[in-house]
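Pasting entry-v4.cif here (mmCIF, C-alpha atoms):
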```cif
data_input
#
loop_
_atom_site.label_atom_id
_atom_site.label_comp_id
_atom_site.auth_asym_id
_atom_site.auth_seq_id
_atom_site.Cartn_x
_atom_site.Cartn_y
_atom_site.Cartn_z
CA MET A 210 151.43 -45.31 4.07
CA THR A 211 151.71 -41.52 4.38
CA PRO A 212 153.88 -39.83 7.03
CA ASP A 213 150.75 -38.53 8.77
CA ALA A 214 149.38 -42.07 9.04
CA LYS A 215 152.72 -43.32 10.38
CA ARG A 216 152.74 -40.55 13.01
CA GLU A 217 149.27 -41.61 14.09
CA HIS A 218 150.43 -45.25 14.43
CA VAL A 219 153.45 -44.13 16.44
CA GLY A 220 151.12 -42.27 18.79
CA HIS A 221 149.03 -45.41 19.33
CA LEU A 222 152.11 -47.53 20.03
CA ILE A 223 153.46 -44.99 22.53
CA ALA A 224 150.06 -45.01 24.25
CA PHE A 225 150.44 -48.79 24.70
CA GLY A 226 153.74 -48.26 26.57
CA LEU A 227 156.40 -48.51 23.84
CA SER A 228 159.21 -46.03 23.74
CA LYS A 229 159.26 -43.40 20.99
CA ARG A 230 162.37 -44.91 19.40
CA LYS A 231 160.91 -48.45 19.35
CA ALA A 232 157.58 -47.24 17.97
CA CYS A 233 159.32 -45.32 15.16
CA GLU A 234 161.39 -48.38 14.26
CA LEU A 235 158.27 -50.55 14.01
CA VAL A 236 156.50 -48.21 11.57
CA ASN A 237 159.72 -47.31 9.70
CA LEU A 238 159.61 -43.58 10.56
CA SER A 239 162.49 -41.44 11.71
CA ARG A 240 162.13 -39.66 15.06
CA SER A 241 162.74 -36.29 13.44
CA ALA A 242 159.90 -36.92 10.95
CA GLN A 243 157.66 -38.06 13.79
CA GLY A 244 158.13 -34.77 15.61
CA TYR A 245 157.85 -32.58 12.50
CA LEU A 246 155.25 -29.82 12.60
CA SER A 247 154.02 -28.44 9.28
CA LYS A 248 154.72 -24.75 8.62
CA ARG A 249 152.07 -24.54 5.92
CA LEU A 250 149.49 -21.83 6.55
CA PRO A 251 145.87 -23.00 6.68
CA ASP A 252 143.93 -22.72 3.41
CA THR A 253 140.80 -21.42 5.14
CA VAL A 254 139.87 -18.79 2.53
CA LEU A 255 140.56 -21.10 -0.41
CA ILE A 256 138.64 -23.97 1.20
CA GLU A 257 135.59 -21.72 1.67
CA LYS A 258 135.81 -20.62 -1.95
CA ILE A 259 136.00 -24.25 -3.13
CA LYS A 260 133.02 -25.15 -0.93
CA THR A 261 131.03 -22.21 -2.32
CA ILE A 262 131.71 -23.15 -5.96
CA ALA A 263 131.03 -26.84 -5.30
CA GLY A 264 127.78 -25.93 -3.55
CA GLU A 265 126.61 -23.77 -6.45
CA ARG A 266 127.81 -26.23 -9.11
CA PRO A 267 127.73 -29.72 -7.56
CA ARG A 268 128.57 -31.45 -10.87
CA PHE A 269 131.83 -29.55 -11.37
CA GLY A 270 135.05 -31.53 -10.89
CA TYR A 271 138.26 -30.14 -9.42
CA ARG A 272 139.58 -28.91 -12.78
CA ARG A 273 136.55 -26.71 -13.43
CA ILE A 274 136.57 -25.52 -9.82
CA CYS A 275 140.25 -24.61 -10.26
CA LEU A 276 139.36 -22.67 -13.39
CA MET A 277 136.57 -20.79 -11.59
CA VAL A 278 138.93 -19.93 -8.71
CA ASN A 279 141.54 -18.60 -11.13
CA LEU A 280 138.92 -16.60 -13.03
CA SER A 281 137.94 -14.93 -9.75
CA GLY A 282 141.46 -13.47 -9.55
CA GLN A 283 143.15 -15.92 -7.17
CA LEU A 284 145.81 -17.88 -9.08
CA VAL A 285 146.11 -21.36 -7.59
CA ASN A 286 147.88 -24.47 -8.90
CA HIS A 287 145.51 -27.26 -9.91
CA LYS A 288 147.40 -29.75 -7.71
CA ARG A 289 146.63 -27.67 -4.65
CA ILE A 290 142.96 -27.53 -5.60
CA TYR A 291 142.96 -31.30 -6.15
CA ARG A 292 144.47 -31.93 -2.70
CA LEU A 293 141.86 -29.77 -0.96
CA TYR A 294 139.12 -31.19 -3.17
CA ARG A 295 139.98 -34.72 -2.03
CA GLU A 296 140.33 -33.69 1.61
CA LEU A 297 136.83 -32.20 1.50
CA ASN A 298 135.43 -35.42 -0.07
CA LEU A 299 133.95 -33.49 -2.99
CA ALA A 300 134.63 -36.06 -5.71
CA VAL A 301 131.83 -36.07 -8.29
CA ARG A 302 130.15 -39.44 -8.54
CA LYS A 303 130.38 -40.79 -12.08
CA ARG A 304 127.15 -41.98 -13.57
CA GLY A 305 127.27 -45.20 -15.56
CA ARG A 306 126.58 -45.16 -19.26
CA ARG A 307 126.06 -47.77 -21.90
CA LYS A 308 128.82 -48.28 -24.40
CA TYR A 309 128.12 -48.60 -28.09
CA PHE A 310 130.25 -49.53 -31.03
CA TRP A 311 129.82 -46.99 -33.79
CA GLY A 312 132.33 -48.38 -36.23
CA ARG A 313 134.89 -46.15 -37.83
CA LYS A 314 134.13 -42.48 -37.11
CA ALA A 315 135.06 -39.61 -39.42
CA PRO A 316 135.65 -36.16 -37.89
CA LYS A 317 132.69 -33.82 -38.37
CA GLU A 318 133.57 -30.52 -40.00
CA LEU A 319 133.04 -27.58 -37.67
CA PRO A 320 131.21 -24.43 -38.77
CA VAL A 321 133.46 -21.45 -39.39
CA ALA A 322 131.27 -18.69 -37.96
CA PRO A 323 128.46 -18.15 -35.44
CA ASN A 324 124.89 -18.77 -36.63
CA ALA A 325 126.10 -20.94 -39.53
CA ARG A 326 124.76 -24.24 -38.19
CA TRP A 327 122.45 -25.13 -35.32
CA SER A 328 121.57 -28.44 -33.66
CA MET A 329 118.19 -29.32 -32.14
CA ASP A 330 116.97 -32.09 -29.88
CA PHE A 331 114.47 -32.79 -27.11
CA THR A 332 114.82 -33.70 -23.45
CA SER A 333 112.08 -34.47 -20.93
CA ASP A 334 111.63 -34.41 -17.18
CA GLY A 335 108.92 -34.56 -14.51
CA LEU A 336 107.23 -32.24 -12.01
CA SER A 337 106.65 -32.90 -8.33
CA ASP A 338 102.95 -33.65 -8.99
CA GLY A 339 103.85 -36.42 -11.45
CA GLY A 340 103.27 -34.33 -14.57
CA LYS A 341 105.73 -34.37 -17.45
CA PHE A 342 107.26 -31.64 -19.57
CA ARG A 343 109.59 -31.49 -22.57
CA THR A 344 112.27 -29.08 -23.65
CA LEU A 345 113.44 -28.17 -27.14
CA ASN A 346 117.17 -27.45 -26.97
CA ILE A 347 118.78 -25.42 -29.76
CA ILE A 348 122.59 -25.04 -29.88
CA ASP A 349 124.97 -23.04 -32.07
CA ASP A 350 127.56 -25.62 -33.19
CA CYS A 351 130.31 -23.03 -33.61
CA THR A 352 130.14 -21.22 -30.27
CA ARG A 353 128.35 -23.96 -28.21
CA GLU A 354 125.93 -21.20 -27.21
CA CYS A 355 122.51 -22.32 -26.03
CA ILE A 356 120.26 -20.32 -28.34
CA GLU A 357 116.96 -21.44 -26.83
CA ILE A 358 115.41 -23.92 -24.41
CA GLU A 359 111.67 -24.04 -25.06
CA VAL A 360 109.76 -25.61 -22.14
CA SER A 361 106.23 -26.96 -22.53
CA ARG A 362 103.96 -29.89 -21.71
CA SER A 363 103.93 -30.79 -25.39
CA LEU A 364 106.17 -29.73 -28.26
CA PRO A 365 104.72 -30.82 -31.61
CA SER A 366 106.10 -29.60 -34.93
CA ALA A 367 103.89 -26.48 -34.79
CA SER A 368 105.59 -25.43 -31.52
CA VAL A 369 109.04 -26.11 -33.00
CA ILE A 370 108.20 -23.92 -36.01
CA ALA A 371 106.83 -21.15 -33.77
CA THR A 372 110.06 -21.19 -31.74
CA LEU A 373 112.22 -21.00 -34.88
CA ASN A 374 110.12 -18.16 -36.28
CA ARG A 375 110.60 -16.22 -33.07
CA LEU A 376 114.37 -16.77 -33.24
CA SER A 377 114.43 -15.62 -36.88
CA TRP A 378 113.35 -12.17 -35.71
CA THR A 379 115.87 -11.93 -32.86
CA ARG A 380 119.02 -13.40 -34.44
CA GLY A 381 118.23 -14.76 -37.91
CA LEU A 382 118.24 -18.35 -39.12
CA PRO A 383 121.24 -20.56 -39.97
CA LYS A 384 121.93 -22.23 -43.29
CA GLU A 385 121.65 -25.69 -41.72
CA ILE A 386 120.04 -27.33 -38.71
CA VAL A 387 121.09 -30.81 -37.58
CA VAL A 388 118.20 -32.92 -36.25
CA ASP A 389 117.30 -36.55 -35.60
CA ASN A 390 114.45 -38.46 -37.23
CA GLY A 391 111.76 -37.63 -34.70
CA PRO A 392 108.22 -36.99 -35.99
CA GLU A 393 108.42 -33.32 -34.98
CA PHE A 394 111.30 -32.77 -37.43
CA THR A 395 110.17 -35.06 -40.27
CA SER A 396 106.61 -33.73 -40.49
CA LYS A 397 105.32 -32.10 -43.67
CA LYS A 398 104.90 -28.78 -41.82
CA MET A 399 108.55 -28.78 -40.77
CA ILE A 400 109.83 -29.71 -44.24
CA LYS A 401 107.68 -26.99 -45.82
CA TRP A 402 108.90 -24.40 -43.30
CA ALA A 403 112.54 -25.30 -44.01
CA CYS A 404 112.05 -24.96 -47.78
CA ASN A 405 110.26 -21.62 -47.44
CA ASN A 406 113.00 -20.20 -45.22
CA GLY A 407 116.01 -21.57 -47.10
CA VAL A 408 117.16 -23.76 -44.22
CA ASN A 409 118.68 -27.19 -44.88
CA LEU A 410 117.49 -29.83 -42.41
CA HIS A 411 120.33 -32.32 -42.00
CA PHE A 412 118.89 -35.60 -40.69
CA ILE A 413 121.30 -37.92 -38.91
CA GLU A 414 121.26 -41.67 -39.49
CA PRO A 415 118.68 -43.53 -37.35
CA GLY A 416 120.17 -44.87 -34.15
CA LYS A 417 123.35 -42.75 -34.37
CA PRO A 418 123.06 -39.79 -31.99
CA ILE A 419 126.85 -39.38 -32.21
CA GLN A 420 126.21 -37.62 -35.52
CA ASN A 421 124.41 -34.91 -33.56
CA ALA A 422 127.18 -34.72 -31.01
CA PHE A 423 127.03 -31.02 -30.11
CA VAL A 424 123.46 -30.99 -28.86
CA GLU A 425 123.81 -34.49 -27.36
CA SER A 426 126.76 -33.23 -25.32
CA PHE A 427 124.73 -30.22 -24.26
CA ASN A 428 121.81 -32.47 -23.28
CA GLY A 429 124.13 -34.37 -20.95
CA ARG A 430 125.34 -31.18 -19.26
CA PHE A 431 121.79 -29.81 -19.10
CA ARG A 432 120.44 -32.95 -17.45
CA ASP A 433 123.41 -33.34 -15.11
CA GLU A 434 123.62 -29.72 -13.92
CA CYS A 435 120.00 -28.58 -14.17
CA LEU A 436 117.29 -31.23 -14.60
CA ASN A 437 118.83 -33.64 -12.08
CA ALA A 438 119.85 -30.87 -9.69
CA TYR A 439 116.43 -29.23 -9.14
CA TRP A 440 112.98 -30.30 -8.00
CA PHE A 441 110.38 -28.62 -10.23
CA THR A 442 107.02 -27.96 -8.57
CA THR A 443 105.16 -26.34 -11.48
CA LEU A 444 105.76 -25.72 -15.17
CA ARG A 445 106.28 -22.04 -14.45
CA ASP A 446 108.87 -22.94 -11.82
CA ALA A 447 110.66 -25.16 -14.37
CA LYS A 448 110.68 -22.36 -16.96
CA GLU A 449 112.19 -19.86 -14.51
CA ILE A 450 114.91 -22.22 -13.25
CA ILE A 451 115.84 -23.42 -16.76
CA SER A 452 115.93 -19.85 -18.08
CA SER A 453 118.28 -18.84 -15.26
CA TRP A 454 120.49 -21.88 -15.89
CA LYS A 455 120.63 -21.10 -19.62
CA LYS A 456 121.84 -17.57 -18.90
CA ASP A 457 124.51 -18.89 -16.54
CA TYR A 458 125.55 -21.53 -19.10
CA ASN A 459 126.09 -18.94 -21.82
CA GLU A 460 127.65 -16.18 -19.75
CA ASN A 461 129.53 -17.79 -16.84
CA ARG A 462 130.24 -21.47 -17.50
CA PRO A 463 133.71 -22.02 -19.04
CA HIS A 464 134.10 -24.69 -21.73
CA SER A 465 137.30 -26.67 -22.17
CA SER A 466 136.51 -27.07 -25.90
CA LEU A 467 136.47 -23.27 -26.19
CA ASN A 468 139.85 -22.84 -24.49
CA ASN A 469 138.03 -22.25 -21.18
CA MET A 470 136.00 -19.35 -22.53
CA THR A 471 132.25 -19.05 -22.08
CA PRO A 472 130.08 -19.38 -25.22
CA GLU A 473 129.34 -15.67 -25.12
CA GLN A 474 133.03 -14.75 -24.85
CA PHE A 475 133.92 -17.13 -27.68
CA ARG A 476 131.21 -15.72 -29.95
CA LYS A 477 132.45 -12.17 -29.38
CA TYR A 478 136.03 -13.33 -29.95
CA ILE A 479 135.21 -14.80 -33.37
CA GLU A 480 133.03 -11.85 -34.37
CA GLU A 481 135.87 -9.44 -33.51
CA LYS A 482 138.32 -11.50 -35.58
CA ILE A 483 135.98 -11.48 -38.56
CA ALA A 484 135.26 -7.75 -38.22
CA LYS A 485 138.91 -6.70 -37.80
CA GLN A 486 140.64 -8.86 -40.36
CA GLY A 487 137.86 -10.01 -42.65
CA GLU A 488 139.61 -13.33 -43.13
CA LYS A 489 138.39 -16.86 -42.84
CA ILE A 490 138.35 -18.28 -39.30
CA SER A 491 139.33 -21.92 -39.09
CA LEU A 492 138.44 -23.98 -36.05
CA ILE A 493 140.90 -26.81 -35.65
CA GLY A 494 139.97 -29.99 -33.79
CA ASN A 495 137.82 -30.17 -30.70
CA LYS A 496 140.11 -27.74 -28.89
CA ASN A 497 138.88 -25.13 -31.30
CA LEU A 498 140.70 -21.88 -30.66
CA ALA A 499 139.97 -19.51 -33.49
CA GLU A 500 143.02 -18.90 -35.63
CA VAL A 501 143.28 -16.77 -38.71
CA SER A 502 144.26 -19.00 -41.60
#
```

Exercise: express the given structure as structure tokens:
Amino acid sequence: MTPDAKREHVGHLIAFGLSKRKACELVNLSRSAQGYLSKRLPDTVLIEKIKTIAGERPRFGYRRICLMVNLSGQLVNHKRIYRLYRELNLAVRKRGRRKYFWGRKAPKELPVAPNARWSMDFTSDGLSDGGKFRTLNIIDDCTRECIEIEVSRSLPSASVIATLNRLSWTRGLPKEIVVDNGPEFTSKKMIKWACNNGVNLHFIEPGKPIQNAFVESFNGRFRDECLNAYWFTTLRDAKEIISSWKKDYNENRPHSSLNNMTPEQFRKYIEEKIAKQGEKISLIGNKNLAEVS
């Protein structure tokens, strides 16, 4: 029982006619502690900042909120943020997930530079009128940058190819793209496009999405922080909201796997290292800070 709770019990006992000394003895609290008044200043400004961040990003836990507060220029200990976070009842509800046994897992080698390897996958959601739409999510495995989220009612292989052709003009194509075994990726049109453009399509094993972990992780964040957080009225409305979220994801959202940098900051960091020193960049582990080997 906390001292505050004991003080509250002492108050109730005194209200029933017990003396202060007897009430303190019953709840095992010293009289000096019972009369103590905290000298801590109220955290009004910090509380409002936490509420603002939690309101804008309802799926952020206290650690990410602490990081956002510190990035704004106010250095605060994470324990203080956690205390206020609990007092405000802002704990993020954990969603259940099925557990699978994948056998023995070997670490997947990380790409050494931006635009070396991409990952692609689909997600789907509904509109307020009951209609459905799909999204094609394309991720840079090195920087975790969301390269594109194509939104449409239908996304056959022709639409996937059109999206990749458009990206080839704006940023070029990677050497390899990791995909699952969906019909959009295994079609003859897609295989022919990959051969003509010198892109290796790396197909994961059926039933093992863990082998496409980067885009699967992104899909979870995308669904948690965007698709589940908004009510889409029209397809145009969905495109605008998702485009805005994608920009925020790349430019403002810190990633623990990138040493709390945003994907855009991490990409610039690696590009500067390559440009200045011209040496190989090795990314070690999941906490992949770029280090010159």

- Task: Counting all atoms listed in the file, figure out which residue out of A:Leu255, A:Leu364, A:Cys404, A:Leu410 gets nearest to Asn286 (chain A).
- Result: A:Leu255

Which residues come within 9 Å of region 384-397 of chain A, counting all atoms listed in the file, excluding same-chain residues fewer than 4 positions away, as a PDB file with C-alpha atoms, keeping the file's coordinate frame?
```pdb
ATOM      1  CA  ASN A 324     124.890 -18.770 -36.630  1.00  0.00           C
ATOM      2  CA  ALA A 325     126.100 -20.940 -39.530  1.00  0.00           C
ATOM      3  CA  ARG A 326     124.760 -24.240 -38.190  1.00  0.00           C
ATOM      4  CA  TRP A 327     122.450 -25.130 -35.320  1.00  0.00           C
ATOM      5  CA  SER A 328     121.570 -28.440 -33.660  1.00  0.00           C
ATOM      6  CA  MET A 329     118.190 -29.320 -32.140  1.00  0.00           C
ATOM      7  CA  ASP A 330     116.970 -32.090 -29.880  1.00  0.00           C
ATOM      8  CA  LEU A 364     106.170 -29.730 -28.260  1.00  0.00           C
ATOM      9  CA  PRO A 365     104.720 -30.820 -31.610  1.00  0.00           C
ATOM     10  CA  SER A 366     106.100 -29.600 -34.930  1.00  0.00           C
ATOM     11  CA  ALA A 367     103.890 -26.480 -34.790  1.00  0.00           C
ATOM     12  CA  VAL A 369     109.040 -26.110 -33.000  1.00  0.00           C
ATOM     13  CA  LYS A 401     107.680 -26.990 -45.820  1.00  0.00           C
ATOM     14  CA  TRP A 402     108.900 -24.400 -43.300  1.00  0.00           C
ATOM     15  CA  GLY A 407     116.010 -21.570 -47.100  1.00  0.00           C
ATOM     16  CA  VAL A 408     117.160 -23.760 -44.220  1.00  0.00           C
ATOM     17  CA  ASN A 409     118.680 -27.190 -44.880  1.00  0.00           C
ATOM     18  CA  LEU A 410     117.490 -29.830 -42.410  1.00  0.00           C
ATOM     19  CA  HIS A 411     120.330 -32.320 -42.000  1.00  0.00           C
ATOM     20  CA  PHE A 412     118.890 -35.600 -40.690  1.00  0.00           C
ATOM     21  CA  ILE A 413     121.300 -37.920 -38.910  1.00  0.00           C
ATOM     22  CA  GLU A 414     121.260 -41.670 -39.490  1.00  0.00           C
ATOM     23  CA  PRO A 415     118.680 -43.530 -37.350  1.00  0.00           C
ATOM     24  CA  GLY A 416     120.170 -44.870 -34.150  1.00  0.00           C
ATOM     25  CA  LYS A 417     123.350 -42.750 -34.370  1.00  0.00           C
ATOM     26  CA  PRO A 418     123.060 -39.790 -31.990  1.00  0.00           C
ATOM     27  CA  GLN A 420     126.210 -37.620 -35.520  1.00  0.00           C
ATOM     28  CA  ASN A 421     124.410 -34.910 -33.560  1.00  0.00           C
TER      29      ASN A 421
END
```

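For region 230-240 of chain A, the set of protein, DNA and RNA residues having any atom at most 8 Å away, when counting all atoms listed in the file and skipping those fewer than 4 positions along the same chain, is Pro212, Lys215, Arg216, His218, Val219, Leu222, Ile223 and Gly244 of chain A.
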
- Which of these, A:Asp446, A:Tyr271, A:Phe331, A:Leu280, has the shortest distance to Arg462 (chain A) once you count all atoms listed in the file?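 Among the listed residues, A:Leu280 lies closest to Arg462 (chain A).
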
- Message: What's the separation between CA of Tyr439 (chain A) and CA of Leu467 (chain A), in Å to one decimal place?
- Response: 27.0 Å
